[in-house]
$ cat run-v2.cif   # mmCIF, N, CA and C atoms
data_query
#
loop_
_atom_site.label_atom_id
_atom_site.label_comp_id
_atom_site.auth_asym_id
_atom_site.auth_seq_id
_atom_site.Cartn_x
_atom_site.Cartn_y
_atom_site.Cartn_z
N MET F 1 -1.52 27.02 10.28
CA MET F 1 -1.17 25.70 10.76
C MET F 1 -0.52 24.92 9.61
N ALA F 2 0.59 24.29 9.88
CA ALA F 2 1.32 23.55 8.86
C ALA F 2 0.84 22.10 8.78
N PHE F 3 0.99 21.52 7.60
CA PHE F 3 0.63 20.13 7.38
C PHE F 3 1.70 19.23 7.99
N ASP F 4 1.28 18.24 8.76
CA ASP F 4 2.20 17.29 9.38
C ASP F 4 2.52 16.19 8.37
N LYS F 5 3.76 16.15 7.89
CA LYS F 5 4.16 15.19 6.86
C LYS F 5 4.06 13.74 7.34
N LYS F 6 3.99 13.52 8.63
CA LYS F 6 3.82 12.16 9.16
C LYS F 6 2.48 11.57 8.72
N LEU F 7 1.52 12.43 8.42
CA LEU F 7 0.21 11.95 7.96
C LEU F 7 0.30 11.22 6.62
N LEU F 8 1.32 11.51 5.83
CA LEU F 8 1.48 10.85 4.54
C LEU F 8 1.63 9.34 4.68
N GLU F 9 2.08 8.88 5.85
CA GLU F 9 2.23 7.46 6.10
C GLU F 9 0.88 6.76 6.25
N ILE F 10 -0.16 7.49 6.62
CA ILE F 10 -1.45 6.85 6.90
C ILE F 10 -2.59 7.27 5.98
N VAL F 11 -2.46 8.40 5.30
CA VAL F 11 -3.53 8.83 4.40
C VAL F 11 -3.33 8.21 3.02
N ALA F 12 -4.44 8.06 2.30
CA ALA F 12 -4.40 7.50 0.95
C ALA F 12 -5.43 8.22 0.09
N CYS F 13 -5.27 8.09 -1.19
CA CYS F 13 -6.22 8.67 -2.13
C CYS F 13 -7.58 7.99 -1.92
N PRO F 14 -8.65 8.77 -1.76
CA PRO F 14 -9.96 8.17 -1.55
C PRO F 14 -10.52 7.46 -2.79
N VAL F 15 -9.95 7.72 -3.96
CA VAL F 15 -10.42 7.10 -5.20
C VAL F 15 -9.77 5.74 -5.41
N CYS F 16 -8.43 5.71 -5.42
CA CYS F 16 -7.71 4.46 -5.75
C CYS F 16 -7.01 3.83 -4.55
N LYS F 17 -7.04 4.52 -3.41
CA LYS F 17 -6.36 4.06 -2.19
C LYS F 17 -4.84 4.05 -2.33
N GLY F 18 -4.35 4.79 -3.32
CA GLY F 18 -2.91 4.86 -3.58
C GLY F 18 -2.22 5.91 -2.73
N LYS F 19 -0.91 5.96 -2.90
CA LYS F 19 -0.06 6.88 -2.15
C LYS F 19 -0.24 8.32 -2.65
N LEU F 20 -0.18 9.25 -1.71
CA LEU F 20 -0.27 10.67 -2.03
C LEU F 20 1.09 11.32 -1.81
N THR F 21 1.38 12.34 -2.59
CA THR F 21 2.60 13.11 -2.39
C THR F 21 2.21 14.54 -2.00
N TYR F 22 3.12 15.18 -1.28
CA TYR F 22 2.85 16.51 -0.73
C TYR F 22 3.58 17.58 -1.52
N ASP F 23 2.85 18.59 -1.95
CA ASP F 23 3.45 19.75 -2.62
C ASP F 23 3.37 20.91 -1.64
N LYS F 24 4.51 21.22 -1.03
CA LYS F 24 4.56 22.24 0.03
C LYS F 24 4.23 23.63 -0.50
N THR F 25 4.70 23.97 -1.70
CA THR F 25 4.49 25.32 -2.21
C THR F 25 3.02 25.58 -2.52
N LYS F 26 2.31 24.58 -3.03
CA LYS F 26 0.89 24.76 -3.37
C LYS F 26 -0.05 24.30 -2.26
N GLN F 27 0.50 23.69 -1.22
CA GLN F 27 -0.29 23.18 -0.10
C GLN F 27 -1.40 22.23 -0.59
N ILE F 28 -0.96 21.20 -1.34
CA ILE F 28 -1.88 20.19 -1.84
C ILE F 28 -1.27 18.80 -1.68
N LEU F 29 -2.14 17.81 -1.67
CA LEU F 29 -1.73 16.42 -1.74
C LEU F 29 -2.08 15.93 -3.14
N ILE F 30 -1.17 15.19 -3.76
CA ILE F 30 -1.34 14.78 -5.15
C ILE F 30 -1.40 13.27 -5.26
N CYS F 31 -2.39 12.79 -6.02
CA CYS F 31 -2.44 11.39 -6.42
C CYS F 31 -2.03 11.36 -7.89
N LYS F 32 -0.81 10.87 -8.14
CA LYS F 32 -0.31 10.85 -9.51
C LYS F 32 -1.05 9.82 -10.36
N ALA F 33 -1.52 8.74 -9.75
CA ALA F 33 -2.23 7.70 -10.50
C ALA F 33 -3.55 8.22 -11.07
N ASP F 34 -4.29 8.97 -10.27
CA ASP F 34 -5.59 9.49 -10.71
C ASP F 34 -5.51 10.91 -11.24
N ARG F 35 -4.31 11.52 -11.12
CA ARG F 35 -4.10 12.91 -11.54
C ARG F 35 -5.08 13.86 -10.86
N LEU F 36 -5.15 13.71 -9.52
CA LEU F 36 -6.02 14.56 -8.71
C LEU F 36 -5.20 15.25 -7.64
N ALA F 37 -5.61 16.47 -7.30
CA ALA F 37 -4.98 17.24 -6.23
C ALA F 37 -6.02 17.54 -5.16
N TYR F 38 -5.62 17.31 -3.92
CA TYR F 38 -6.50 17.55 -2.78
C TYR F 38 -5.96 18.72 -1.97
N ALA F 39 -6.81 19.66 -1.67
CA ALA F 39 -6.42 20.85 -0.92
C ALA F 39 -6.11 20.50 0.53
N ILE F 40 -5.28 21.35 1.15
CA ILE F 40 -4.99 21.26 2.58
C ILE F 40 -5.45 22.58 3.18
N ASN F 41 -6.44 22.52 4.04
CA ASN F 41 -6.99 23.72 4.68
C ASN F 41 -6.63 23.73 6.16
N ASP F 42 -5.90 24.75 6.59
CA ASP F 42 -5.48 24.87 7.99
C ASP F 42 -4.77 23.62 8.49
N GLY F 43 -3.94 23.01 7.62
CA GLY F 43 -3.18 21.83 8.01
C GLY F 43 -3.95 20.52 7.91
N ILE F 44 -5.21 20.59 7.46
CA ILE F 44 -6.05 19.40 7.38
C ILE F 44 -6.34 19.08 5.91
N PRO F 45 -5.96 17.88 5.45
CA PRO F 45 -6.24 17.52 4.05
C PRO F 45 -7.73 17.28 3.82
N VAL F 46 -8.23 17.81 2.72
CA VAL F 46 -9.63 17.64 2.34
C VAL F 46 -9.67 16.48 1.34
N LEU F 47 -9.82 15.26 1.85
CA LEU F 47 -9.75 14.06 1.02
C LEU F 47 -11.14 13.60 0.59
N LEU F 48 -11.81 14.47 -0.15
CA LEU F 48 -13.13 14.17 -0.69
C LEU F 48 -13.04 14.20 -2.21
N GLU F 49 -13.50 13.13 -2.84
CA GLU F 49 -13.39 13.03 -4.29
C GLU F 49 -14.05 14.19 -5.00
N ASN F 50 -15.19 14.64 -4.51
CA ASN F 50 -15.90 15.74 -5.18
C ASN F 50 -15.25 17.10 -4.95
N LYS F 51 -14.28 17.19 -4.05
CA LYS F 51 -13.55 18.45 -3.81
C LYS F 51 -12.18 18.45 -4.49
N ALA F 52 -11.78 17.33 -5.07
CA ALA F 52 -10.47 17.23 -5.73
C ALA F 52 -10.46 18.03 -7.02
N GLU F 53 -9.27 18.53 -7.35
CA GLU F 53 -9.07 19.28 -8.58
C GLU F 53 -8.21 18.45 -9.53
N PRO F 54 -8.42 18.59 -10.83
CA PRO F 54 -7.54 17.90 -11.78
C PRO F 54 -6.10 18.39 -11.60
N TRP F 55 -5.15 17.48 -11.73
CA TRP F 55 -3.74 17.82 -11.56
C TRP F 55 -2.95 17.31 -12.76
N GLN F 56 -2.00 18.13 -13.18
CA GLN F 56 -1.12 17.74 -14.28
C GLN F 56 0.31 18.06 -13.89
N GLU F 57 1.20 17.10 -14.07
CA GLU F 57 2.60 17.29 -13.70
C GLU F 57 3.22 18.38 -14.57
N GLU F 58 3.98 19.24 -13.91
CA GLU F 58 4.62 20.34 -14.63
C GLU F 58 5.88 19.83 -15.33
N ALA F 59 6.13 20.38 -16.49
CA ALA F 59 7.29 19.92 -17.28
C ALA F 59 8.59 20.42 -16.74
#
$ encode --input "run-v2.cif" --output "structure tokens"
Amino acid sequence: MAFDKKLLEIVACPVCKGKLTYDKTKQILICKADRLAYAINDGIPVLLENKAEPWQEEA
């Protein structure tokens, strides 16, 4: 199941309530402000702070 990009208009980072960006190749949502990545499982974002992984922008 693919992630529906229209969800980006309504979902927010659970930590800072900021905007999330979608990384299609890694199937994650990224909060650049908090440097956290949230997994997408079967098209559903897992927006739980304790399930987030540290994220670092690639050079």
$ atom_distance --input "run-v2.cif" --atom1 "atom C of Pro54 of chain F" --atom2 "atom C of Ala37 of chain F"
6.5 Å
$ select_by_dssp --input "run-v2.cif" --residues "chain F" --states "helix (DSSP H, G or I)" --output "PyMOL selection string"
chain F and resi 5-9+49-51
$ closest_residue --input "run-v2.cif" --among "F:Glu58, F:Asp4, F:Glu49, F:Asp34" --to "Tyr22 of chain F" --atoms "only C-alpha atoms"
F:Asp4
$ closest_residue --input "run-v2.cif" --among "F:Ala2, F:Cys13, F:Leu7, F:Ala59" --to "Leu47 of chain F" --atoms "only N, CA and C atoms"
F:Cys13
$ residues_around --input "run-v2.cif" --residues "segment 40-45 of chain F" --least-positions-apart "3" --cutoff "6 Å" --atoms "all atoms listed in the file" --output "list in words"
Met1, Ala2, Phe3, Asp4, Gln27, Ile28 and Leu29 of chain F
$ select_by_dssp --input "run-v2.cif" --residues "chain F" --states "strand (DSSP E or B)" --output "NGL selection string"
:F and (21-23 or 28-31 or 36-41 or 44-45 or 53-54)
$ closest_residue --input "run-v2.cif" --among "F:Leu20, F:Thr25, F:Ile30, F:Ala52" --to "Leu8 of chain F" --atoms "all atoms listed in the file"
F:Leu20
$ axis_aligned_box --input "run-v2.cif" --around "segment 24-38 of chain F" --padding-each-side "8 Å" --output "lines of an AutoDock Vina configuration file"
center_x = -0.9
center_y = 16.6
center_z = -5.8
size_x = 27.2
size_y = 33.9
size_z = 27.6
$ atom_distance --input "run-v2.cif" --atom1 "atom C of Asn50 of chain F" --atom2 "atom CA of Lys6 of chain F"
24.2 Å
$ atom_distance --input "run-v2.cif" --atom1 "atom C of Ala12 of chain F" --atom2 "atom CA of Cys31 of chain F"
7.8 Å
$ closest_residue --input "run-v2.cif" --among "F:Glu57, F:Pro14, F:Ala39, F:Glu9" --to "Lys26 of chain F" --atoms "all atoms listed in the file"
F:Ala39
